[in-house]
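What follows is the content of query-v9.txt (compact mmCIF, C-alpha atoms).
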```txt
# COMPACT_ATOMS: atom_id res chain seq x y z
CA MET A 58 -265.61 -49.31 -83.09
CA ARG A 59 -262.49 -50.11 -81.18
CA THR A 60 -261.33 -53.68 -81.01
CA ALA A 61 -260.33 -55.23 -77.69
CA GLY A 62 -256.72 -55.06 -78.85
CA GLU A 63 -256.95 -51.33 -79.47
CA ALA A 64 -258.49 -50.79 -76.05
CA THR A 65 -255.64 -52.71 -74.41
CA ARG A 66 -253.07 -50.74 -76.37
CA GLU A 67 -254.68 -47.47 -75.25
CA ARG A 68 -254.71 -48.61 -71.60
CA ILE A 69 -251.02 -49.50 -71.85
CA LEU A 70 -250.21 -46.09 -73.34
CA ALA A 71 -252.16 -44.26 -70.62
CA ALA A 72 -250.50 -46.25 -67.85
CA ALA A 73 -247.09 -45.76 -69.44
CA LYS A 74 -247.61 -42.01 -69.68
CA ALA A 75 -248.38 -41.77 -65.96
CA GLU A 76 -245.37 -43.98 -65.10
CA PHE A 77 -242.93 -42.09 -67.34
CA ALA A 78 -244.15 -38.70 -66.09
CA ARG A 79 -243.54 -39.81 -62.51
CA HIS A 80 -240.26 -41.69 -62.88
CA GLY A 81 -238.72 -40.92 -66.28
CA VAL A 82 -237.44 -43.63 -68.60
CA ALA A 83 -234.67 -45.01 -66.39
CA GLY A 84 -236.91 -45.09 -63.34
CA ALA A 85 -240.03 -46.49 -65.04
CA ARG A 86 -240.91 -50.14 -64.42
CA ILE A 87 -242.61 -52.23 -67.10
CA ASN A 88 -244.15 -54.36 -64.35
CA ARG A 89 -245.98 -51.39 -62.88
CA ILE A 90 -247.18 -50.25 -66.31
CA ALA A 91 -248.54 -53.70 -67.19
CA GLU A 92 -250.26 -53.99 -63.83
CA ALA A 93 -251.86 -50.53 -64.05
CA ALA A 94 -253.05 -51.35 -67.58
CA ARG A 95 -254.42 -54.75 -66.53
CA ALA A 96 -252.28 -56.41 -69.19
CA SER A 97 -249.67 -59.14 -69.02
CA LYS A 98 -246.04 -58.26 -69.64
CA ASP A 99 -246.10 -60.56 -72.67
CA ARG A 100 -249.06 -58.67 -74.07
CA LEU A 101 -247.32 -55.36 -73.48
CA TYR A 102 -244.17 -56.54 -75.25
CA ALA A 103 -246.29 -57.74 -78.17
CA TYR A 104 -247.27 -54.11 -78.77
CA PHE A 105 -244.04 -52.39 -77.69
CA ASP A 106 -240.80 -54.30 -77.91
CA SER A 107 -238.88 -52.23 -75.37
CA LYS A 108 -239.30 -49.54 -72.74
CA GLU A 109 -237.76 -47.06 -75.17
CA THR A 110 -240.26 -47.96 -77.91
CA LEU A 111 -243.07 -47.46 -75.42
CA PHE A 112 -241.69 -44.07 -74.35
CA ASP A 113 -241.40 -43.11 -77.98
CA ALA A 114 -245.06 -44.00 -78.55
CA VAL A 115 -246.15 -42.01 -75.49
CA ILE A 116 -244.21 -38.95 -76.64
CA THR A 117 -245.55 -39.25 -80.18
CA GLN A 118 -249.15 -39.45 -78.96
CA TRP A 119 -248.69 -36.56 -76.51
CA ILE A 120 -247.12 -34.30 -79.13
CA ALA A 121 -249.88 -35.03 -81.62
CA GLU A 122 -252.62 -34.30 -79.07
CA THR A 123 -251.03 -31.10 -77.76
CA THR A 124 -250.31 -29.87 -81.29
CA GLU A 125 -253.96 -30.30 -82.19
CA GLN A 126 -255.30 -28.71 -79.01
CA THR A 127 -253.02 -25.67 -79.03
CA ALA A 128 -253.21 -24.91 -82.77
CA LEU A 129 -250.24 -22.64 -83.42
CA ARG A 130 -250.95 -19.81 -85.86
CA GLY A 131 -248.28 -17.45 -87.11
CA ASP A 132 -250.57 -14.46 -86.72
CA ASP A 133 -251.39 -15.24 -83.07
CA LEU A 134 -248.38 -16.56 -81.15
CA PRO A 135 -249.50 -14.96 -77.86
CA GLY A 136 -252.80 -16.88 -78.14
CA TYR A 137 -250.86 -20.08 -78.81
CA ALA A 138 -248.71 -19.45 -75.71
CA GLY A 139 -251.86 -19.05 -73.64
CA ARG A 140 -253.32 -22.34 -74.88
CA LEU A 141 -250.02 -24.11 -74.29
CA PHE A 142 -250.00 -22.70 -70.74
CA ASP A 143 -253.54 -24.05 -70.25
CA ASP A 144 -252.46 -27.46 -71.51
CA TYR A 145 -249.54 -27.65 -69.08
CA VAL A 146 -251.77 -26.51 -66.19
CA ALA A 147 -254.47 -29.06 -67.06
CA HIS A 148 -251.91 -31.83 -67.64
CA PRO A 149 -248.92 -31.37 -65.32
CA GLU A 150 -247.72 -34.79 -66.47
CA ASN A 151 -247.05 -33.23 -69.88
CA ALA A 152 -244.68 -30.71 -68.31
CA ARG A 153 -242.75 -33.52 -66.66
CA LEU A 154 -242.68 -35.59 -69.85
CA GLN A 155 -241.21 -32.57 -71.65
CA LYS A 156 -238.36 -32.36 -69.16
CA TRP A 157 -237.69 -36.09 -69.08
CA ALA A 158 -237.60 -36.13 -72.86
CA ASP A 159 -234.99 -33.36 -72.83
CA LEU A 160 -232.84 -35.27 -70.37
CA GLU A 161 -233.24 -38.89 -71.29
CA VAL A 162 -234.12 -39.13 -74.93
CA ARG A 163 -231.16 -40.24 -76.94
CA GLU A 164 -230.27 -38.46 -80.15
CA GLN A 165 -232.68 -40.21 -82.47
CA ILE A 166 -235.53 -41.63 -80.45
CA ALA A 167 -238.71 -39.56 -80.64
CA ASP A 168 -236.93 -37.05 -82.88
CA ASP A 169 -238.86 -38.16 -85.94
CA ALA A 170 -242.18 -37.43 -84.29
CA ARG A 171 -240.96 -34.07 -83.06
CA ILE A 172 -239.59 -32.97 -86.37
CA LEU A 173 -242.79 -33.96 -88.11
CA THR A 174 -244.84 -31.73 -85.82
CA LEU A 175 -242.24 -28.98 -85.45
CA ARG A 176 -241.83 -28.38 -89.16
CA PRO A 177 -245.35 -27.05 -89.75
CA LYS A 178 -245.12 -24.96 -86.56
CA ILE A 179 -241.90 -23.37 -87.72
CA ALA A 180 -243.43 -22.78 -91.15
CA GLU A 181 -246.39 -21.04 -89.44
CA ILE A 182 -244.01 -18.78 -87.50
CA ARG A 183 -242.19 -17.88 -90.72
CA ARG A 184 -245.53 -17.05 -92.30
CA GLY A 185 -246.24 -14.77 -89.32
CA GLN A 186 -242.87 -13.12 -89.89
CA GLN A 187 -243.55 -12.58 -93.59
CA GLU A 188 -246.97 -11.11 -92.84
CA GLY A 189 -245.64 -8.67 -90.24
CA PHE A 190 -246.99 -10.30 -87.07
CA VAL A 191 -243.60 -11.45 -85.78
CA ASP A 192 -240.26 -9.66 -85.85
CA PRO A 193 -238.33 -11.21 -88.78
CA SER A 194 -235.02 -11.05 -86.91
CA TRP A 195 -236.06 -14.10 -84.85
CA ASN A 196 -234.83 -17.54 -85.83
CA ALA A 197 -238.22 -19.29 -86.03
CA GLY A 198 -237.06 -22.53 -84.38
CA GLU A 199 -235.49 -20.67 -81.48
CA LEU A 200 -238.58 -18.54 -80.99
CA LEU A 201 -240.67 -21.72 -80.80
CA LEU A 202 -238.32 -23.13 -78.14
CA VAL A 203 -238.49 -19.93 -76.12
CA ILE A 204 -242.30 -19.75 -76.28
CA THR A 205 -242.60 -23.39 -75.23
CA ASP A 206 -240.27 -22.88 -72.28
CA ILE A 207 -241.95 -19.69 -71.07
CA ALA A 208 -245.34 -21.42 -71.05
CA LEU A 209 -243.84 -24.47 -69.34
CA SER A 210 -241.98 -22.35 -66.82
CA LEU A 211 -244.89 -20.16 -65.76
CA ALA A 212 -247.44 -22.99 -65.84
CA THR A 213 -245.38 -25.03 -63.39
CA ALA A 214 -244.07 -22.09 -61.34
CA ARG A 215 -246.36 -22.71 -58.39
CA GLY A 216 -246.03 -26.45 -58.05
CA GLY A 217 -242.50 -27.68 -58.35
CA ARG A 218 -240.79 -24.32 -58.27
CA LYS A 219 -242.45 -22.30 -55.56
CA GLN A 220 -238.97 -21.38 -54.39
CA ALA A 221 -238.98 -18.59 -56.95
CA GLY A 222 -239.91 -15.98 -54.42
CA ALA A 223 -242.11 -15.96 -51.38
CA LYS A 224 -244.88 -14.22 -53.25
CA SER A 225 -245.13 -16.50 -56.28
CA GLY A 226 -247.43 -18.81 -54.30
CA GLU A 227 -249.92 -15.98 -54.10
CA ARG A 228 -250.09 -15.46 -57.85
CA THR A 229 -253.19 -16.92 -59.44
CA VAL A 230 -253.18 -19.16 -62.49
CA ALA A 231 -254.92 -16.36 -64.40
CA GLN A 232 -252.13 -13.92 -63.52
CA ARG A 233 -249.44 -16.33 -64.61
CA ARG A 234 -251.33 -17.02 -67.84
CA GLN A 235 -251.55 -13.29 -68.47
CA ALA A 236 -247.80 -12.95 -67.85
CA THR A 237 -247.14 -15.74 -70.38
CA VAL A 238 -249.26 -14.15 -73.10
CA GLU A 239 -247.80 -10.70 -72.43
CA ALA A 240 -244.23 -12.04 -72.47
CA VAL A 241 -244.75 -13.59 -75.91
CA ARG A 242 -246.45 -10.46 -77.17
CA ARG A 243 -243.35 -8.50 -76.22
CA LEU A 244 -240.94 -11.04 -77.63
CA ILE A 245 -242.45 -11.10 -81.10
CA GLY A 246 -242.55 -7.29 -81.39
CA THR A 247 -244.80 -4.46 -80.29
CA PRO A 248 -248.55 -4.65 -80.99
CA ALA A 249 -248.00 -1.59 -83.14
CA ALA A 250 -245.62 -3.62 -85.29
CA ALA A 251 -248.31 -6.25 -85.85
CA GLU A 252 -251.35 -4.02 -86.13
CA ALA A 253 -249.92 -1.02 -87.95
CA PRO A 254 -247.13 -2.10 -90.30
CA GLY A 255 -246.90 1.46 -91.58
CA ARG A 256 -245.95 3.03 -88.25
CA GLU A 257 -243.18 5.70 -88.24
CA MET B 22 -204.38 -24.37 -46.92
CA ARG B 23 -206.78 -27.18 -47.61
CA THR B 24 -206.65 -30.21 -45.38
CA ALA B 25 -206.65 -33.70 -46.91
CA GLY B 26 -210.22 -34.06 -45.69
CA GLU B 27 -211.31 -30.94 -47.56
CA ALA B 28 -209.61 -32.17 -50.73
CA THR B 29 -211.44 -35.51 -50.48
CA ARG B 30 -214.75 -33.75 -49.89
CA GLU B 31 -214.17 -31.59 -52.98
CA ARG B 32 -213.33 -34.63 -55.10
CA ILE B 33 -216.52 -36.34 -53.93
CA LEU B 34 -218.58 -33.25 -54.79
CA ALA B 35 -217.02 -32.99 -58.26
CA ALA B 36 -217.57 -36.69 -58.99
CA ALA B 37 -221.12 -36.47 -57.67
CA LYS B 38 -221.89 -33.48 -59.87
CA ALA B 39 -220.80 -35.38 -62.98
CA GLU B 40 -222.76 -38.47 -61.94
CA PHE B 41 -225.96 -36.55 -61.08
CA ALA B 42 -225.77 -34.51 -64.30
CA ARG B 43 -225.54 -37.71 -66.30
CA HIS B 44 -228.04 -39.92 -64.48
CA GLY B 45 -230.16 -37.78 -62.14
CA VAL B 46 -230.75 -38.69 -58.51
CA ALA B 47 -232.61 -41.96 -59.04
CA GLY B 48 -230.09 -43.16 -61.63
CA ALA B 49 -226.93 -42.08 -59.80
CA ARG B 50 -224.82 -44.76 -58.12
CA ILE B 51 -222.89 -44.02 -54.93
CA ASN B 52 -220.39 -46.73 -55.91
CA ARG B 53 -219.48 -44.91 -59.11
CA ILE B 54 -219.17 -41.58 -57.31
CA ALA B 55 -216.86 -43.03 -54.63
CA GLU B 56 -214.74 -44.75 -57.27
CA ALA B 57 -214.40 -41.63 -59.42
CA ALA B 58 -213.47 -39.62 -56.32
CA ARG B 59 -210.94 -42.25 -55.18
CA ALA B 60 -212.72 -42.49 -51.83
CA SER B 61 -214.24 -45.40 -49.96
CA LYS B 62 -218.00 -45.58 -49.60
CA ASP B 63 -217.55 -45.32 -45.84
CA ARG B 64 -215.59 -42.13 -46.29
CA LEU B 65 -218.24 -40.73 -48.60
CA TYR B 66 -221.00 -41.52 -46.11
CA ALA B 67 -218.99 -39.85 -43.36
CA TYR B 68 -219.35 -36.59 -45.27
CA PHE B 69 -222.80 -37.09 -46.80
CA ASP B 70 -225.22 -39.41 -45.06
CA SER B 71 -227.39 -40.15 -48.09
CA LYS B 72 -227.57 -39.72 -51.86
CA GLU B 73 -230.12 -36.96 -51.33
CA THR B 74 -227.83 -35.07 -48.95
CA LEU B 75 -225.06 -35.32 -51.51
CA PHE B 76 -227.32 -34.04 -54.29
CA ASP B 77 -228.36 -31.19 -52.02
CA ALA B 78 -224.70 -30.27 -51.46
CA VAL B 79 -223.96 -30.39 -55.20
CA ILE B 80 -226.92 -28.13 -55.97
CA THR B 81 -225.99 -25.72 -53.19
CA GLN B 82 -222.41 -25.42 -54.44
CA TRP B 83 -223.48 -25.03 -58.07
CA ILE B 84 -226.03 -22.33 -57.27
CA ALA B 85 -223.49 -20.39 -55.20
CA GLU B 86 -220.86 -20.55 -57.96
CA THR B 87 -223.25 -19.61 -60.76
CA THR B 88 -224.75 -16.78 -58.72
CA GLU B 89 -221.31 -15.31 -58.17
CA GLN B 90 -220.19 -15.71 -61.78
CA THR B 91 -223.32 -14.30 -63.38
CA ALA B 92 -223.83 -11.38 -60.95
CA LEU B 93 -227.45 -10.35 -61.49
CA ARG B 94 -227.99 -6.58 -61.41
CA GLY B 95 -231.44 -5.01 -61.58
CA ASP B 96 -230.21 -2.36 -63.99
CA ASP B 97 -228.77 -4.91 -66.45
CA LEU B 98 -230.91 -8.02 -66.78
CA PRO B 99 -230.00 -8.53 -70.47
CA GLY B 100 -226.33 -8.64 -69.45
CA TYR B 101 -227.15 -11.16 -66.74
CA ALA B 102 -229.01 -13.32 -69.26
CA GLY B 103 -225.93 -13.28 -71.51
CA ARG B 104 -223.63 -14.37 -68.68
CA LEU B 105 -226.07 -17.11 -67.66
CA PHE B 106 -226.14 -18.29 -71.29
CA ASP B 107 -222.31 -18.39 -71.26
CA ASP B 108 -222.34 -20.39 -68.05
CA TYR B 109 -224.73 -22.99 -69.48
CA VAL B 110 -222.68 -23.23 -72.69
CA ALA B 111 -219.41 -23.62 -70.76
CA HIS B 112 -220.97 -26.08 -68.30
CA PRO B 113 -223.63 -28.18 -70.03
CA GLU B 114 -223.76 -30.30 -66.86
CA ASN B 115 -225.33 -27.30 -65.11
CA ALA B 116 -228.17 -27.27 -67.61
CA ARG B 117 -228.86 -30.93 -66.92
CA LEU B 118 -228.62 -30.45 -63.14
CA GLN B 119 -231.21 -27.68 -63.44
CA LYS B 120 -233.65 -30.02 -65.17
CA TRP B 121 -233.03 -32.96 -62.86
CA ALA B 122 -233.55 -30.66 -59.89
CA ASP B 123 -236.91 -29.58 -61.31
CA LEU B 124 -238.00 -33.18 -61.79
CA GLU B 125 -236.55 -35.04 -58.88
CA VAL B 126 -236.08 -32.68 -56.00
CA ARG B 127 -238.75 -33.19 -53.42
CA GLU B 128 -240.54 -30.26 -51.88
CA GLN B 129 -237.99 -29.28 -49.28
CA ILE B 130 -234.62 -30.59 -50.33
CA ALA B 131 -232.34 -27.95 -51.81
CA ASP B 132 -235.09 -25.37 -51.38
CA ASP B 133 -233.27 -23.63 -48.56
CA ALA B 134 -230.21 -23.03 -50.72
CA ARG B 135 -232.32 -21.81 -53.61
CA ILE B 136 -234.37 -19.42 -51.54
CA LEU B 137 -231.25 -17.99 -49.96
CA THR B 138 -229.80 -17.15 -53.38
CA LEU B 139 -233.09 -16.27 -55.04
CA ARG B 140 -234.11 -13.69 -52.48
CA PRO B 141 -231.32 -11.21 -53.26
CA LYS B 142 -231.85 -11.76 -57.01
CA ILE B 143 -235.53 -10.97 -56.70
CA ALA B 144 -234.70 -7.93 -54.58
CA GLU B 145 -232.30 -6.78 -57.33
CA ILE B 146 -235.03 -7.14 -59.97
CA ARG B 147 -237.41 -5.11 -57.78
CA ARG B 148 -234.74 -2.43 -57.46
CA GLY B 149 -234.48 -2.42 -61.27
CA GLN B 150 -238.25 -2.00 -61.44
CA GLN B 151 -238.23 0.89 -58.98
CA GLU B 152 -235.43 2.60 -60.88
CA GLY B 153 -237.15 2.30 -64.26
CA PHE B 154 -234.98 -0.38 -65.87
CA VAL B 155 -237.63 -3.11 -65.76
CA ASP B 156 -241.36 -2.88 -66.41
CA PRO B 157 -243.00 -2.81 -62.95
CA SER B 158 -245.93 -4.95 -64.12
CA TRP B 159 -243.71 -8.07 -63.95
CA ASN B 160 -243.83 -10.33 -60.93
CA ALA B 161 -240.11 -10.33 -60.09
CA GLY B 162 -239.93 -14.04 -59.23
CA GLU B 163 -241.67 -15.03 -62.46
CA LEU B 164 -239.41 -12.77 -64.52
CA LEU B 165 -236.39 -14.48 -62.95
CA LEU B 166 -237.81 -17.90 -63.88
CA VAL B 167 -238.46 -16.80 -67.44
CA ILE B 168 -234.98 -15.31 -67.88
CA THR B 169 -233.37 -18.47 -66.50
CA ASP B 170 -235.38 -20.69 -68.83
CA ILE B 171 -234.70 -18.60 -71.93
CA ALA B 172 -230.96 -18.73 -71.28
CA LEU B 173 -231.15 -22.46 -70.56
CA SER B 174 -233.29 -23.12 -73.61
CA LEU B 175 -231.16 -21.25 -76.12
CA ALA B 176 -227.84 -22.37 -74.62
CA THR B 177 -228.81 -26.02 -75.02
CA ALA B 178 -230.77 -25.64 -78.27
CA ARG B 179 -228.09 -27.14 -80.45
CA GLY B 180 -227.14 -30.15 -78.39
CA GLY B 181 -230.14 -31.96 -76.99
CA ARG B 182 -232.81 -30.16 -78.94
CA LYS B 183 -231.57 -29.83 -82.49
CA GLN B 184 -235.01 -30.99 -83.58
CA ALA B 185 -236.20 -27.41 -83.29
CA GLY B 186 -235.85 -26.76 -86.97
CA ALA B 187 -233.44 -27.91 -89.60
CA LYS B 188 -231.64 -24.59 -89.53
CA SER B 189 -231.00 -24.33 -85.80
CA GLY B 190 -227.90 -26.49 -86.18
CA GLU B 191 -226.44 -23.79 -88.36
CA ARG B 192 -226.88 -21.05 -85.80
CA THR B 193 -223.70 -20.09 -84.02
CA VAL B 194 -223.34 -19.81 -80.26
CA ALA B 195 -222.86 -16.05 -80.71
CA GLN B 196 -226.18 -15.78 -82.57
CA ARG B 197 -228.02 -17.72 -79.91
CA ARG B 198 -226.41 -15.59 -77.21
CA GLN B 199 -227.50 -12.46 -79.04
CA ALA B 200 -231.06 -13.84 -79.29
CA THR B 201 -231.05 -14.48 -75.52
CA VAL B 202 -229.93 -10.97 -74.65
CA GLU B 203 -232.34 -9.41 -77.12
CA ALA B 204 -235.27 -11.51 -75.83
CA VAL B 205 -234.67 -10.33 -72.27
CA ARG B 206 -234.26 -6.74 -73.41
CA ARG B 207 -237.70 -6.97 -75.00
CA LEU B 208 -239.29 -8.71 -72.05
CA ILE B 209 -238.28 -6.11 -69.49
CA GLY B 210 -239.44 -3.18 -71.60
CA THR B 211 -238.12 -1.09 -74.46
CA PRO B 212 -234.67 0.49 -74.19
CA ALA B 213 -236.48 3.82 -74.37
CA ALA B 214 -238.37 2.89 -71.20
CA ALA B 215 -235.11 2.29 -69.38
CA GLU B 216 -233.04 5.08 -70.86
CA ALA B 217 -235.59 7.84 -71.21
CA PRO B 218 -238.30 7.53 -68.56
CA GLY B 219 -239.82 10.76 -69.79
CA ARG B 220 -240.46 9.59 -73.35
CA GLU B 221 -243.72 10.57 -75.06
```

Mind turning the file's structure into C-alpha cells?
Amino acid sequence: MRTAGEATRERILAAAKAEFARHGVAGARINRIAEAARASKDRLYAYFDSKETLFDAVITQWIAETTEQTALRGDDLPGYAGRLFDDYVAHPENARLQKWADLEVREQIADDARILTLRPKIAEIRRGQQEGFVDPSWNAGELLLVITDIALSLATARGGRKQAGAKSGERTVAQRRQATVEAVRRLIGTPAAAEAPGRE
Amino acid sequence: MRTAGEATRERILAAAKAEFARHGVAGARINRIAEAARASKDRLYAYFDSKETLFDAVITQWIAETTEQTALRGDDLPGYAGRLFDDYVAHPENARLQKWADLEVREQIADDARILTLRPKIAEIRRGQQEGFVDPSWNAGELLLVITDIALSLATARGGRKQAGAKSGERTVAQRRQATVEAVRRLIGTPAAAEAPGRE
C-alpha cells in the first residue's frame, strides 16, 4: 500500500513531467508544478531540493518505464523500434522530454540513469551482432542512437514537423510505424543475413 | 557594397543565432543580443519587431545556407548525408537550433521558409526514386527526416550524448561520418539496386 507521502511524490513527478515536456527546464515553473500536484512548494522542496533534481527524477522514471515497455532484444531490433515508435506516439511528452534533455541537461545530470539503462541495451545489441542478427560493423552505441532517433523522428513527423512535405500529413500512423521498422531492418543488415547466416 | 544598415542587420542575426542556439527562444534575451551585436534595442526592433520574428529570420538564413552547402541530389543521398554531418560537426550551433526549432517553433512560424527549401529536396528524392537510386517504397518526406536525424544524431553523439556507450567517446569523427554515409546507403537500398537495376 502506498503511503500518503508516496502518493504526493508521484503527483509531483507527474505534474513535473507535464511541465518539463511543455516548457523545458529553463521555462518550467516550480509554482505551476506544485499547484498542479496539489502540494505546497515547501513540500515539493522536501522531496526534490531543486528544479534540476526534479528534472533528473522525471528523466530517470521515464527512462526506466520506457526501457521496460519496449524491451530491447538483440535478435529483434526492428521489433524494438516499432515498440519505441508506439511509445512516442502514445506519449508525445516523452518525445519532447528527449529533446529537452539533449539540449538542456548539463554534462552529468541524468547521465547516471541513462548509462545504467543504456549499458544493458548496448550489451544486447552486441549479443545480436555476435549471433548474426546485426551487422557487426556497427558501433553498438551509435546504432542505438540512430534507432532511437528514427523512431522519434517518424513518430513525431505529423505533429510538430508536418512541414516535411505536403503529403506527410496524409500518411497514417501505421504507415510511419512500418517505415520505422523497415528502416531498422535495413540498417542492421538484410533479412537474409539474419535468417540464413550461410548465404553465398 | 554593403550599407551600414546591412552590416548592422548581419551582426544582429549572427548574435541572435548564437543566443538562440545557447538558450532557445524562451531563454534568449534581446538585451544580450543587442549588446553582442553592438546595436541599440531600438535599432534591433526596427529590423525585427519581436523575438519570434528574429528567430524566424535566423532559421530562414540558416536553412538557406545549409541547403546551399550540402546540395542534396537524388542520385547521391549518402553523399548528402556526409555533407550534412560535416555541417553539423563544423557548426554545432546548427544542431542545437534544429532541436530548439522542433520544440519551440509554433505551428506557422518558420514553416514557410522550411517548406520552400524542403519542396525541392523532396522533389530531388523523388527524382532519385524514379531513376532507380532510391527505393521507391519510401515516402520522400519521411526519408528526408530520417536522413537529417541520422546525420544530426551521429554528428553530435560525442558532445552532448556521450552516454551512448563507454566506447563512443573513442570513435573518431571520421568513423562516425562513415557510419552516417553507410546507414543512408543501406536505407535507400543496396548499391546493386542503384547501380545494376537489372540484377537477379

Point-to-point distance in Å for atom CA of A:Lys156 and atom CA of B:Leu173:
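Computing it gives 12.3 Å between the two atoms.
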
Between atom CA of A:Leu141 and atom CA of A:Glu67 - distance in Å to one decimal
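Atom-to-atom, atom CA of A:Glu67 and atom CA of A:Leu141 are spaced 23.8 Å apart.
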
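Coordinates place atom CA of A:Val241 at a distance of 16.2 Å from atom CA of B:Val155.
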
Could you tell me, as a short mmCIF file (atom, residue, chain, number, x, y, z; two decimals) with C-alpha atoms, in the frame of the given file, which residues have any atom at most 12 Å from (-219.8, -13.8, -70.1), counting all atoms listed in the file?
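Writing done, so here's out.cif:
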```
data_model
loop_
_atom_site.label_atom_id
_atom_site.label_comp_id
_atom_site.auth_asym_id
_atom_site.auth_seq_id
_atom_site.Cartn_x
_atom_site.Cartn_y
_atom_site.Cartn_z
CA THR B 87 -223.25 -19.61 -60.76
CA GLN B 90 -220.19 -15.71 -61.78
CA THR B 91 -223.32 -14.30 -63.38
CA ALA B 92 -223.83 -11.38 -60.95
CA PRO B 99 -230.00 -8.53 -70.47
CA GLY B 100 -226.33 -8.64 -69.45
CA TYR B 101 -227.15 -11.16 -66.74
CA ALA B 102 -229.01 -13.32 -69.26
CA GLY B 103 -225.93 -13.28 -71.51
CA ARG B 104 -223.63 -14.37 -68.68
CA LEU B 105 -226.07 -17.11 -67.66
CA PHE B 106 -226.14 -18.29 -71.29
CA ASP B 107 -222.31 -18.39 -71.26
CA ASP B 108 -222.34 -20.39 -68.05
CA TYR B 109 -224.73 -22.99 -69.48
CA VAL B 110 -222.68 -23.23 -72.69
CA ALA B 111 -219.41 -23.62 -70.76
CA ALA B 195 -222.86 -16.05 -80.71
CA ARG B 198 -226.41 -15.59 -77.21
CA GLN B 199 -227.50 -12.46 -79.04
CA VAL B 202 -229.93 -10.97 -74.65
#
```

B:Gln151: which residues within 12 Å, counting all atoms listed in the file, same-chain residues fewer than 5 positions away excluded, as a ChimeraX atom specification?
/B:95-96,144-146,156-159,161,215,218

Restrict the selected residues to C-alpha atoms and save them as a PDB file, in the frame of the given file.
```pdb
ATOM      1  CA  GLY B  95    -231.440  -5.010 -61.580  1.00  0.00           C
ATOM      2  CA  ASP B  96    -230.210  -2.360 -63.990  1.00  0.00           C
ATOM      3  CA  ALA B 144    -234.700  -7.930 -54.580  1.00  0.00           C
ATOM      4  CA  GLU B 145    -232.300  -6.780 -57.330  1.00  0.00           C
ATOM      5  CA  ILE B 146    -235.030  -7.140 -59.970  1.00  0.00           C
ATOM      6  CA  ASP B 156    -241.360  -2.880 -66.410  1.00  0.00           C
ATOM      7  CA  PRO B 157    -243.000  -2.810 -62.950  1.00  0.00           C
ATOM      8  CA  SER B 158    -245.930  -4.950 -64.120  1.00  0.00           C
ATOM      9  CA  TRP B 159    -243.710  -8.070 -63.950  1.00  0.00           C
ATOM     10  CA  ALA B 161    -240.110 -10.330 -60.090  1.00  0.00           C
ATOM     11  CA  ALA B 215    -235.110   2.290 -69.380  1.00  0.00           C
ATOM     12  CA  PRO B 218    -238.300   7.530 -68.560  1.00  0.00           C
TER      13      PRO B 218
END
```

Using only C-alpha atoms for the distances, tell me which of A:Ala64, A:Val82, A:Ile120, A:Ala91 is nearest to chain B.
A:Val82

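Each of A:Gln232, A:Thr60, A:Asn196, A:Asn88 was compared to A:Leu101 using only C-alpha atoms, and A:Asn88 turns out to be the nearest.
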
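Using only C-alpha atoms, the nearest neighbour of A:Ala94 within the list A:Ala240, A:Ile116, A:Ile245, A:Ile69 is A:Ile69.
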
Measuring between all atoms listed in the file, which one of B:Phe41, B:Trp121, B:Tyr66, B:Trp83 shows the shortest distance to chain A?
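Of all the options, B:Trp121 lies closest to chain A.
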
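Between chain B and the residues A:Glu188, A:Lys74, A:Lys178, A:Asp99, the shortest atom-to-atom distance, using all atoms listed in the file, involves A:Lys178.
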
So, counting all atoms listed in the file, which residue among B:Ala172, B:Val167, B:Ala67, B:Val194 is closest to chain A?
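Of B:Ala172, B:Val167, B:Ala67, B:Val194, the one nearest chain A is B:Val167, counting all atoms listed in the file.
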
All file atoms of stretch 99-117 of chain B boxed axis-aligned, 8 Å per side, centre plus edges, as AutoDock Vina command-line options:
```
--center_x -224.7 --center_y -19.7 --center_z -68.9 --size_x 26.6 --size_y 38.4 --size_z 23.6
```

Complete stretch 80-90 of chain B with N, CA and C atoms (output as a PDB file, keeping the file's coordinate frame).
```pdb
ATOM      1  N   ILE B  80    -226.060 -29.225 -55.506  1.00  0.00           N
ATOM      2  CA  ILE B  80    -226.920 -28.130 -55.970  1.00  0.00           C
ATOM      3  C   ILE B  80    -226.555 -26.825 -55.269  1.00  0.00           C
ATOM      4  N   THR B  81    -226.332 -26.915 -53.972  1.00  0.00           N
ATOM      5  CA  THR B  81    -225.990 -25.720 -53.190  1.00  0.00           C
ATOM      6  C   THR B  81    -224.695 -25.089 -53.703  1.00  0.00           C
ATOM      7  N   GLN B  82    -223.693 -25.927 -53.951  1.00  0.00           N
ATOM      8  CA  GLN B  82    -222.410 -25.420 -54.440  1.00  0.00           C
ATOM      9  C   GLN B  82    -222.550 -24.808 -55.839  1.00  0.00           C
ATOM     10  N   TRP B  83    -223.296 -25.508 -56.704  1.00  0.00           N
ATOM     11  CA  TRP B  83    -223.480 -25.030 -58.070  1.00  0.00           C
ATOM     12  C   TRP B  83    -224.207 -23.697 -58.094  1.00  0.00           C
ATOM     13  N   ILE B  84    -225.274 -23.583 -57.295  1.00  0.00           N
ATOM     14  CA  ILE B  84    -226.030 -22.330 -57.270  1.00  0.00           C
ATOM     15  C   ILE B  84    -225.151 -21.181 -56.777  1.00  0.00           C
ATOM     16  N   ALA B  85    -224.353 -21.446 -55.744  1.00  0.00           N
ATOM     17  CA  ALA B  85    -223.490 -20.390 -55.200  1.00  0.00           C
ATOM     18  C   ALA B  85    -222.478 -19.940 -56.246  1.00  0.00           C
ATOM     19  N   GLU B  86    -221.862 -20.899 -56.950  1.00  0.00           N
ATOM     20  CA  GLU B  86    -220.860 -20.550 -57.960  1.00  0.00           C
ATOM     21  C   GLU B  86    -221.475 -19.767 -59.116  1.00  0.00           C
ATOM     22  N   THR B  87    -222.611 -20.263 -59.619  1.00  0.00           N
ATOM     23  CA  THR B  87    -223.250 -19.610 -60.760  1.00  0.00           C
ATOM     24  C   THR B  87    -223.732 -18.211 -60.382  1.00  0.00           C
ATOM     25  N   THR B  88    -224.267 -18.087 -59.186  1.00  0.00           N
ATOM     26  CA  THR B  88    -224.750 -16.780 -58.720  1.00  0.00           C
ATOM     27  C   THR B  88    -223.605 -15.775 -58.702  1.00  0.00           C
ATOM     28  N   GLU B  89    -222.448 -16.223 -58.235  1.00  0.00           N
ATOM     29  CA  GLU B  89    -221.310 -15.310 -58.170  1.00  0.00           C
ATOM     30  C   GLU B  89    -220.817 -14.946 -59.570  1.00  0.00           C
ATOM     31  N   GLN B  90    -220.739 -15.952 -60.444  1.00  0.00           N
ATOM     32  CA  GLN B  90    -220.190 -15.710 -61.780  1.00  0.00           C
ATOM     33  C   GLN B  90    -221.101 -14.870 -62.671  1.00  0.00           C
TER      34      GLN B  90
END
```
